[in-house]
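Asker: Have a look at this one before I ask anything.
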Amino acid sequence: MGTTGSGTGGALTIGVVVARTGRLVKLGDPLEFVMSRLEPELRRIRNGGRHHEVRVAGRDSRSSADGAREAVRQLVRDEGARIVLTLAGTEVLPAVADTCEEEGVPCVSSTFPWQVYYFGRGAAEERPFRWTYHFCWGLDDIAETFADLWEAAGGPGRTVGCLWNDGPQGDWSRHAERGFAPVARARGHRLLDPAGYREPADGFDTHLEAFGTGDVDIVTSAATGRDLALFRTQAAERGLRPKLITCSRWLAYPPTTTGAGERPAQANVATLVYWTPNHPYRSSLDGTSAAELAEAYEQGTGRQWLQPLGLAHALFEVAAHALATADDPTQPASVAEALGRARLETVAGPLDWTAGPVPNVATVRLAGGQWQPGRRHDWELRTVASRRVEGLSPDGDLVPSA
């Protein structure tokens, strides 16, 4: 897997852009695990009356846009990739998708709000992408989920302090038409949004002063773990203890601490739940359940399961489905057309590119969760609000973030 050279032996190649080095390695780890786990399942795919040999080739994005672009070109030109898959970050994922558009090869990606993926890359409903496809939740879904949590913590009509940066996360959160803010306001909540801060932050005096005078008892954020920890420390020093903190970024990963006895930045912070071992889903490839996948990951790696694992697995399910249903899986245009009409059940839930909300996008359902002291692990993600995910039951109660 991931060998160099142009000889593909006539096999259909699934290319994978995976972060093996750099700051996104935590996101690359579940993708690397799934690549190795599923490679035997993917060696032969039946399309109609024919069987096709399939190989999987990976390239390191180096956690950078330039590295991602180079990885795509190597996969297409050296490995003959018929389809490219990725989980990536704010700069890396668009670079992968845009390069696939340039190279004329189908791409499937995830873990990136669909509005940012779609409109942020210049598409419009009347002018969709030709080659690139995506599945994820939206900023509107985040807002609805967080509003559920705010209302569970303090009732309707809250004043919510916004800890948003001056980069893409903050800009899209406050976007007047397609962002988080208009949906949250439509639920009756007042958002107090001081000027965006530069990452990494050196302090939050402006935000803390505004939150203190604005009678804020709930804070919502898209901060990194480092900046969230700094905010919580400085807030406590000022005697500001929000009843609830919700955060949509970096909360997919189990909390870590830097010293004995320290509480991690994520402690009792509420966040998105998009995949857990308790989700009632199975793989379309081999019937593996969400619980079995999480257990295999923990047994195989010695590390705690993490949410991107389910989406990483679903990427390969979608690729296999497209190659199996394309009119001609050897032709990139035919594979892209198969993606556009794809409807399948995966270990990450039902995915349907025929249902929108815009062309090239399928949505993932969200629940609300919170990082709480665990039984099997030091900190565990508890599902505390699940009405938006059919068949998923809560396994915890919402507790104050303070």
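By order in the structure tokens, chains are A, B, ...; within a chain, residues start at 1; ligands start at 1, following the order shown.
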Which residues, written as a short mmCIF file (atom, residue, chain, number, x, y, z; two decimals) with N, CA and C atoms, in the first residue's frame, have at least one atom at most 7 Å from segment 319-329 of chain A, with only C-alpha atoms counted and residues fewer than 5 positions away on the same chain left out?
Answerer:
data_model
loop_
_atom_site.label_atom_id
_atom_site.label_comp_id
_atom_site.auth_asym_id
_atom_site.auth_seq_id
_atom_site.Cartn_x
_atom_site.Cartn_y
_atom_site.Cartn_z
N ILE A 45 -13.46 -5.72 -6.52
CA ILE A 45 -14.79 -5.12 -6.50
C ILE A 45 -15.56 -5.60 -7.72
N ARG A 46 -16.80 -6.02 -7.47
CA ARG A 46 -17.65 -6.47 -8.57
C ARG A 46 -18.47 -5.32 -9.10
N ASN A 47 -18.42 -5.13 -10.39
CA ASN A 47 -19.21 -4.10 -11.06
C ASN A 47 -19.99 -4.80 -12.18
N SER A 334 -17.20 8.62 -15.21
CA SER A 334 -18.23 7.67 -14.83
C SER A 334 -18.27 7.46 -13.32
N VAL A 335 -17.11 7.45 -12.68
CA VAL A 335 -17.04 7.32 -11.22
C VAL A 335 -17.65 8.55 -10.56
N ALA A 338 -21.34 8.33 -10.65
CA ALA A 338 -21.83 7.37 -9.64
C ALA A 338 -21.86 8.01 -8.25
N LEU A 339 -20.91 8.85 -7.94
CA LEU A 339 -20.92 9.55 -6.66
C LEU A 339 -22.12 10.48 -6.56
#
Asker: Can you tell me, as number ranges by chain, what residues are no more than 12 Å from Gly122 of chain A when counting only C-alpha atoms, ignoring any on the same chain fewer than 5 positions away?
Answerer: A: 94, 97-98, 115-117, 127-129
Asker: Pick out each residue of segment 202-384 of chain A that DSSP on the backbone tags as strand (DSSP E or B); I need them as a PDB file with C-alpha atoms, in the first residue's frame.
Answerer:
ATOM      1  CA  ILE A 218     -23.003  30.466  28.214  1.00  0.00           C
ATOM      2  CA  VAL A 219     -19.988  30.622  25.891  1.00  0.00           C
ATOM      3  CA  THR A 220     -19.728  29.074  22.433  1.00  0.00           C
ATOM      4  CA  SER A 221     -16.471  28.645  20.611  1.00  0.00           C
ATOM      5  CA  LEU A 244     -21.941  25.915  29.837  1.00  0.00           C
ATOM      6  CA  ILE A 245     -19.234  26.054  27.183  1.00  0.00           C
ATOM      7  CA  THR A 246     -19.876  24.605  23.730  1.00  0.00           C
ATOM      8  CA  CYS A 247     -17.031  24.156  21.271  1.00  0.00           C
ATOM      9  CA  ALA A 270     -20.149  20.298  25.339  1.00  0.00           C
ATOM     10  CA  THR A 271     -19.564  19.555  21.689  1.00  0.00           C
ATOM     11  CA  LEU A 272     -20.766  17.820  18.539  1.00  0.00           C
ATOM     12  CA  VAL A 273     -21.390  14.102  18.455  1.00  0.00           C
ATOM     13  CA  ARG A 282     -23.008  -0.915  10.228  1.00  0.00           C
ATOM     14  CA  SER A 289     -20.880  -2.232  13.631  1.00  0.00           C
ATOM     15  CA  ARG A 343     -27.265   6.498  -1.692  1.00  0.00           C
ATOM     16  CA  LEU A 344     -25.947   4.018   0.872  1.00  0.00           C
ATOM     17  CA  GLU A 345     -25.936   2.999   4.523  1.00  0.00           C
ATOM     18  CA  THR A 346     -22.498   3.237   6.131  1.00  0.00           C
ATOM     19  CA  GLY A 349     -24.914   6.554   8.984  1.00  0.00           C
ATOM     20  CA  PRO A 350     -27.053   7.012   5.871  1.00  0.00           C
ATOM     21  CA  LEU A 351     -25.484   9.094   3.086  1.00  0.00           C
ATOM     22  CA  ASP A 352     -27.531  10.415   0.166  1.00  0.00           C
ATOM     23  CA  VAL A 361     -22.950  17.204  -0.681  1.00  0.00           C
ATOM     24  CA  ALA A 362     -24.513  14.602   1.614  1.00  0.00           C
ATOM     25  CA  THR A 363     -25.193  15.399   5.254  1.00  0.00           C
ATOM     26  CA  ALA A 367     -26.181  14.885  18.400  1.00  0.00           C
ATOM     27  CA  GLY A 368     -24.938  16.870  21.374  1.00  0.00           C
ATOM     28  CA  GLY A 369     -22.300  15.542  23.748  1.00  0.00           C
ATOM     29  CA  GLN A 370     -19.966  16.464  26.568  1.00  0.00           C
ATOM     30  CA  TRP A 371     -16.526  15.351  27.732  1.00  0.00           C
ATOM     31  CA  GLN A 372     -16.984  13.956  31.240  1.00  0.00           C
ATOM     32  CA  PRO A 373     -14.888  11.834  33.643  1.00  0.00           C
ATOM     33  CA  TRP A 379     -12.351  11.296  29.935  1.00  0.00           C
ATOM     34  CA  GLU A 380     -15.148  10.029  27.735  1.00  0.00           C
ATOM     35  CA  LEU A 381     -17.535  11.658  25.290  1.00  0.00           C
ATOM     36  CA  ARG A 382     -21.069  11.271  26.589  1.00  0.00           C
ATOM     37  CA  THR A 383     -24.081  11.739  24.331  1.00  0.00           C
ATOM     38  CA  VAL A 384     -26.438  14.051  26.232  1.00  0.00           C
TER      39      VAL A 384
END
Asker: Find the residues around segment 187-204 of chain A up to 6 Å (only C-alpha atoms counted), leave out those fewer than 3 positions away in its own chain, and share them as a list of chain:residue names.
Answerer: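 Residues near the query, excluding close chain neighbours: A:Gly157, A:Arg158, A:Thr159, A:Val160, A:Gly161, A:Cys162, A:Trp164, A:Asn165, A:Asp166, A:Ala184, A:His207.
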Asker: Could you pull out the residues in segment 198-353 of chain A that DSSP calls alpha helix (DSSP H) from the backbone, as JSON, numbers by chain?
Answerer: {"A": [205, 206, 207, 208, 209, 210, 211, 212, 213, 225, 226, 227, 228, 229, 230, 231, 232, 233, 234, 235, 236, 237, 290, 291, 292, 293, 294, 295, 296, 297, 298, 299, 300, 301, 308, 309, 310, 311, 312, 313, 314, 315, 316, 317, 318, 319, 320, 321, 322, 323, 324, 325, 332, 333, 334, 335, 336, 337, 338, 339, 340]}
Asker: Using only C-alpha atoms, please write the residues we just selected to a file, as a short mmCIF file (atom, residue, chain, number, x, y, z; two decimals), in the first residue's frame.
Answerer:
data_model
loop_
_atom_site.label_atom_id
_atom_site.label_comp_id
_atom_site.auth_asym_id
_atom_site.auth_seq_id
_atom_site.Cartn_x
_atom_site.Cartn_y
_atom_site.Cartn_z
CA ASP A 205 -9.22 40.51 28.05
CA THR A 206 -11.57 42.00 25.45
CA HIS A 207 -13.82 38.95 25.46
CA LEU A 208 -13.82 38.55 29.22
CA GLU A 209 -14.72 42.18 29.78
CA ALA A 210 -17.55 42.00 27.24
CA PHE A 211 -18.87 38.73 28.65
CA GLY A 212 -18.72 40.05 32.19
CA THR A 213 -20.66 43.24 31.47
CA GLY A 225 -7.60 23.25 22.67
CA ARG A 226 -4.71 25.54 23.57
CA ASP A 227 -6.76 28.74 23.27
CA LEU A 228 -9.76 27.19 25.02
CA ALA A 229 -7.53 26.28 27.97
CA LEU A 230 -6.18 29.84 28.12
CA PHE A 231 -9.68 31.30 28.05
CA ARG A 232 -10.88 29.04 30.85
CA THR A 233 -7.87 29.91 33.02
CA GLN A 234 -8.28 33.65 32.54
CA ALA A 235 -12.05 33.46 33.01
CA ALA A 236 -11.62 31.63 36.33
CA GLU A 237 -9.10 34.27 37.48
CA ALA A 290 -19.82 1.08 15.10
CA ALA A 291 -19.05 -0.65 18.40
CA GLU A 292 -16.93 -3.31 16.69
CA LEU A 293 -14.97 -0.70 14.74
CA ALA A 294 -14.20 1.30 17.88
CA GLU A 295 -13.10 -1.85 19.71
CA ALA A 296 -10.88 -2.93 16.82
CA TYR A 297 -9.22 0.49 16.81
CA GLU A 298 -8.52 0.39 20.53
CA GLN A 299 -7.23 -3.18 20.39
CA GLY A 300 -5.11 -2.50 17.31
CA THR A 301 -3.60 0.82 18.33
CA PRO A 308 -13.25 10.72 12.88
CA LEU A 309 -12.78 6.94 12.82
CA GLY A 310 -16.37 6.35 11.64
CA LEU A 311 -16.10 8.94 8.87
CA ALA A 312 -12.74 7.58 7.76
CA HIS A 313 -14.32 4.15 7.36
CA ALA A 314 -17.28 5.61 5.47
CA LEU A 315 -14.94 7.25 2.94
CA PHE A 316 -13.84 3.80 1.75
CA GLU A 317 -17.42 2.54 1.74
CA VAL A 318 -18.38 5.41 -0.57
CA ALA A 319 -15.39 4.79 -2.83
CA ALA A 320 -16.21 1.09 -3.12
CA HIS A 321 -19.86 1.89 -3.84
CA ALA A 322 -18.91 4.33 -6.60
CA LEU A 323 -16.53 1.88 -8.27
CA ALA A 324 -19.12 -0.90 -8.01
CA THR A 325 -21.99 1.15 -9.48
CA PRO A 332 -13.10 9.09 -13.90
CA ALA A 333 -16.18 10.82 -15.32
CA SER A 334 -18.23 7.67 -14.83
CA VAL A 335 -17.04 7.32 -11.22
CA ALA A 336 -17.96 10.97 -10.56
CA GLU A 337 -21.45 10.37 -11.95
CA ALA A 338 -21.83 7.37 -9.64
CA LEU A 339 -20.92 9.55 -6.66
CA GLY A 340 -23.53 12.11 -7.64
#
Asker: If you count only C-alpha atoms, which residues fall within 10 Å of Lys243 of chain A, apart from same-chain ones fewer than 6 positions away, as a VMD selection string?
Answerer: chain A and resid 150 153 to 154 216 to 219 399 to 402
